[in-house]
Amino acid sequence: MSNALFGGRAEPPPAAIAGDPLLVRGREIYLDRCASCHGPSGRGDGPLAKNLTGPQPRNLVKDPWKHGDKPEQVLAVLADGVKDAQMPGWSGTYGPGDLKAVAAYVYQIAGRPVPDVLR
């Protein structure tokens with residue numbers, strides 16, 4: 001997996017997720033598509049965040065999830081994006097399985113249990 005914004009290749013998955021293919025896949029996509037704004041740890045501090053106009057990327061670890069924290073709400077944000085923000089929708093790029101993987105990874109980095117419906 002390439003990640004030019006963070007200096008090339010990503011580090012191997014942490015041991016906590018290395019044995020979980022869903023979280024490993026979610027992490028791959030997250031690092032490629034989300035970390036540039038949300039940061040590699042989900043704290044809203046990605047390298048592009050400071051240059052965005054309008055709402056800043058959420059700190060997924062600390063801030064309440066503005067559009068809801070139910071799995072269907074998280075998937076809707078990932079699929080459709082957020083109007084009036086620079087959060088793009090990814091349904092045209094990724095299928096439902098990949099979007100579930102990203103959602104699961106976001107729960108994981110936020111320190112929340114991954115809902116069974118995402119597995």
# chains A, B, ... in the order shown; residues from 1 in each chain; ligands from 1

call {"tool": "select_by_dssp", "arguments": {"residues": "region 8-59 of chain A", "states": "alpha helix (DSSP H)", "output": "JSON, numbers by chain"}}
result
{"A": [15, 16, 17, 18, 21, 22, 23, 24, 25, 26, 27, 28, 29, 35, 36, 37, 38]}

call {"tool": "write_last_selection", "arguments": {"atoms": "N, CA and C atoms", "output": "PDB file, in the first residue's frame"}}
result
ATOM      1  N   ALA A  15      -0.294  -4.931  16.316  1.00  0.00           N
ATOM      2  CA  ALA A  15      -0.646  -6.290  16.752  1.00  0.00           C
ATOM      3  C   ALA A  15      -2.118  -6.405  17.123  1.00  0.00           C
ATOM      4  N   ALA A  16      -2.694  -5.340  17.669  1.00  0.00           N
ATOM      5  CA  ALA A  16      -4.096  -5.373  18.107  1.00  0.00           C
ATOM      6  C   ALA A  16      -5.067  -5.662  16.971  1.00  0.00           C
ATOM      7  N   ILE A  17      -4.673  -5.356  15.729  1.00  0.00           N
ATOM      8  CA  ILE A  17      -5.581  -5.603  14.602  1.00  0.00           C
ATOM      9  C   ILE A  17      -5.002  -6.550  13.564  1.00  0.00           C
ATOM     10  N   ALA A  18      -3.749  -6.906  13.676  1.00  0.00           N
ATOM     11  CA  ALA A  18      -3.059  -7.684  12.641  1.00  0.00           C
ATOM     12  C   ALA A  18      -3.768  -8.985  12.286  1.00  0.00           C
ATOM     13  N   PRO A  21      -8.705  -9.444   9.451  1.00  0.00           N
ATOM     14  CA  PRO A  21      -8.662  -8.963   8.063  1.00  0.00           C
ATOM     15  C   PRO A  21      -9.560  -7.752   7.807  1.00  0.00           C
ATOM     16  N   LEU A  22     -10.701  -7.671   8.482  1.00  0.00           N
ATOM     17  CA  LEU A  22     -11.597  -6.529   8.291  1.00  0.00           C
ATOM     18  C   LEU A  22     -10.906  -5.240   8.729  1.00  0.00           C
ATOM     19  N   LEU A  23     -10.305  -5.245   9.906  1.00  0.00           N
ATOM     20  CA  LEU A  23      -9.644  -4.040  10.409  1.00  0.00           C
ATOM     21  C   LEU A  23      -8.372  -3.727   9.623  1.00  0.00           C
ATOM     22  N   VAL A  24      -7.677  -4.741   9.169  1.00  0.00           N
ATOM     23  CA  VAL A  24      -6.484  -4.510   8.355  1.00  0.00           C
ATOM     24  C   VAL A  24      -6.888  -3.820   7.051  1.00  0.00           C
ATOM     25  N   ARG A  25      -7.944  -4.307   6.404  1.00  0.00           N
ATOM     26  CA  ARG A  25      -8.423  -3.680   5.162  1.00  0.00           C
ATOM     27  C   ARG A  25      -8.915  -2.267   5.436  1.00  0.00           C
ATOM     28  N   GLY A  26      -9.670  -2.080   6.500  1.00  0.00           N
ATOM     29  CA  GLY A  26     -10.153  -0.746   6.848  1.00  0.00           C
ATOM     30  C   GLY A  26      -9.015   0.222   7.078  1.00  0.00           C
ATOM     31  N   ARG A  27      -7.972  -0.244   7.743  1.00  0.00           N
ATOM     32  CA  ARG A  27      -6.793   0.586   8.001  1.00  0.00           C
ATOM     33  C   ARG A  27      -6.106   0.975   6.690  1.00  0.00           C
ATOM     34  N   GLU A  28      -5.975   0.032   5.769  1.00  0.00           N
ATOM     35  CA  GLU A  28      -5.347   0.330   4.475  1.00  0.00           C
ATOM     36  C   GLU A  28      -6.069   1.462   3.759  1.00  0.00           C
ATOM     37  N   ILE A  29      -7.386   1.344   3.680  1.00  0.00           N
ATOM     38  CA  ILE A  29      -8.177   2.373   2.998  1.00  0.00           C
ATOM     39  C   ILE A  29      -8.118   3.674   3.776  1.00  0.00           C
ATOM     40  N   ALA A  35      -6.640   9.570   6.194  1.00  0.00           N
ATOM     41  CA  ALA A  35      -5.617  10.099   7.093  1.00  0.00           C
ATOM     42  C   ALA A  35      -5.078  11.457   6.661  1.00  0.00           C
ATOM     43  N   SER A  36      -5.155  11.775   5.373  1.00  0.00           N
ATOM     44  CA  SER A  36      -4.645  13.073   4.918  1.00  0.00           C
ATOM     45  C   SER A  36      -5.393  14.226   5.577  1.00  0.00           C
ATOM     46  N   CYS A  37      -6.626  14.020   5.952  1.00  0.00           N
ATOM     47  CA  CYS A  37      -7.396  15.047   6.663  1.00  0.00           C
ATOM     48  C   CYS A  37      -7.575  14.697   8.143  1.00  0.00           C
ATOM     49  N   HIS A  38      -8.021  13.479   8.419  1.00  0.00           N
ATOM     50  CA  HIS A  38      -8.316  13.082   9.796  1.00  0.00           C
ATOM     51  C   HIS A  38      -7.076  12.701  10.595  1.00  0.00           C
TER      52      HIS A  38
END

call {"tool": "select_by_dssp", "arguments": {"residues": "chain A", "states": "strand (DSSP E or B)", "output": "number ranges by chain"}}
result
A: 2-3, 8-9

call {"tool": "write_last_selection", "arguments": {"atoms": "C-alpha atoms", "output": "CSV table (one decimal), in the first residue's frame"}}
result
chain,number,residue,atom,x,y,z
A,2,SER,CA,1.4,3.4,-0.9
A,3,ASN,CA,0.8,6.5,1.1
A,8,GLY,CA,5.8,6.0,1.3
A,9,ARG,CA,4.7,2.7,2.7

call {"tool": "residues_around", "arguments": {"residues": "Thr93 (chain A)", "least_positions_apart": "3", "cutoff": "12 Å", "atoms": "only C-alpha atoms", "output": "number ranges by chain"}}
result
A: 29, 33, 78-80, 88-90, 96-99

call {"tool": "residues_around", "arguments": {"residues": "Lys66 (chain A)", "least_positions_apart": "4", "cutoff": "12 Å", "atoms": "only C-alpha atoms", "output": "PyMOL selection string"}}
result
chain A and resi 55+57-60+62+70+73-74+77+82

call {"tool": "write_last_selection", "arguments": {"atoms": "all heavy atoms", "output": "short mmCIF file (atom, residue, chain, number, x, y, z; two decimals), in the first residue's frame"}}
result
data_model
loop_
_atom_site.label_atom_id
_atom_site.label_comp_id
_atom_site.auth_asym_id
_atom_site.auth_seq_id
_atom_site.Cartn_x
_atom_site.Cartn_y
_atom_site.Cartn_z
N PRO A 55 -15.58 23.65 7.77
CA PRO A 55 -15.40 22.81 8.97
C PRO A 55 -14.12 21.99 8.88
O PRO A 55 -13.78 21.46 7.83
CB PRO A 55 -16.63 21.89 8.96
CG PRO A 55 -17.59 22.49 8.00
CD PRO A 55 -16.80 23.34 7.05
N PRO A 57 -11.67 18.77 9.82
CA PRO A 57 -11.93 17.34 10.01
C PRO A 57 -12.12 17.03 11.49
O PRO A 57 -11.46 17.60 12.35
CB PRO A 57 -10.66 16.67 9.48
CG PRO A 57 -10.03 17.68 8.59
CD PRO A 57 -10.39 19.01 9.15
N ARG A 58 -13.02 16.14 11.77
CA ARG A 58 -13.29 15.76 13.15
C ARG A 58 -12.13 15.01 13.76
O ARG A 58 -11.45 14.25 13.08
CB ARG A 58 -14.52 14.88 13.22
CG ARG A 58 -15.72 15.67 12.77
CD ARG A 58 -16.96 15.44 13.45
NE ARG A 58 -17.42 15.85 14.70
CZ ARG A 58 -17.64 17.09 15.11
NH1 ARG A 58 -17.26 18.11 14.41
NH2 ARG A 58 -18.23 17.32 16.24
N ASN A 59 -11.98 15.20 15.04
CA ASN A 59 -11.12 14.35 15.84
C ASN A 59 -12.00 13.17 16.19
O ASN A 59 -12.90 13.27 17.04
CB ASN A 59 -10.65 15.09 17.09
CG ASN A 59 -9.79 14.24 17.99
OD1 ASN A 59 -9.90 13.02 18.03
ND2 ASN A 59 -8.93 14.90 18.74
N LEU A 60 -11.80 12.06 15.51
CA LEU A 60 -12.67 10.90 15.66
C LEU A 60 -12.48 10.20 17.00
O LEU A 60 -13.32 9.40 17.41
CB LEU A 60 -12.41 9.91 14.52
CG LEU A 60 -12.65 10.49 13.12
CD1 LEU A 60 -12.10 9.55 12.06
CD2 LEU A 60 -14.12 10.78 12.90
N LYS A 62 -11.76 11.98 20.02
CA LYS A 62 -12.20 12.82 21.13
C LYS A 62 -13.58 13.45 20.92
O LYS A 62 -14.40 13.48 21.83
CB LYS A 62 -11.15 13.92 21.34
CG LYS A 62 -11.45 14.86 22.46
CD LYS A 62 -10.36 15.91 22.58
CE LYS A 62 -10.79 17.01 23.52
NZ LYS A 62 -9.92 18.16 23.44
N LYS A 70 -24.11 5.56 15.16
CA LYS A 70 -24.69 4.26 14.82
C LYS A 70 -24.06 3.79 13.51
O LYS A 70 -23.73 4.62 12.64
CB LYS A 70 -26.20 4.38 14.67
CG LYS A 70 -26.89 4.71 15.97
CD LYS A 70 -28.38 4.83 15.80
CE LYS A 70 -28.99 5.18 17.15
NZ LYS A 70 -30.36 5.60 17.05
N GLN A 73 -25.28 5.32 10.34
CA GLN A 73 -24.94 6.74 10.19
C GLN A 73 -23.49 6.90 9.74
O GLN A 73 -23.19 7.73 8.89
CB GLN A 73 -25.19 7.47 11.51
CG GLN A 73 -26.65 7.51 11.90
CD GLN A 73 -26.86 7.97 13.33
OE1 GLN A 73 -26.16 7.54 14.25
NE2 GLN A 73 -27.84 8.83 13.53
N VAL A 74 -22.60 6.12 10.32
CA VAL A 74 -21.19 6.17 9.94
C VAL A 74 -21.04 5.74 8.48
O VAL A 74 -20.33 6.38 7.70
CB VAL A 74 -20.34 5.30 10.89
CG1 VAL A 74 -18.89 5.25 10.42
CG2 VAL A 74 -20.43 5.83 12.32
N VAL A 77 -22.12 8.52 6.09
CA VAL A 77 -21.10 9.57 5.94
C VAL A 77 -20.00 9.09 5.00
O VAL A 77 -19.57 9.81 4.10
CB VAL A 77 -20.52 10.00 7.31
CG1 VAL A 77 -19.26 10.84 7.14
CG2 VAL A 77 -21.57 10.76 8.11
N VAL A 82 -20.26 14.55 3.31
CA VAL A 82 -20.96 15.52 4.14
C VAL A 82 -21.14 16.79 3.34
O VAL A 82 -20.16 17.42 2.92
CB VAL A 82 -20.20 15.82 5.45
CG1 VAL A 82 -20.90 16.89 6.26
CG2 VAL A 82 -20.04 14.54 6.28
#

call {"tool": "atom_distance", "arguments": {"atom1": "CA of Ala104 (chain A)", "atom2": "CA of Asp84 (chain A)"}}
result
24.9 Å
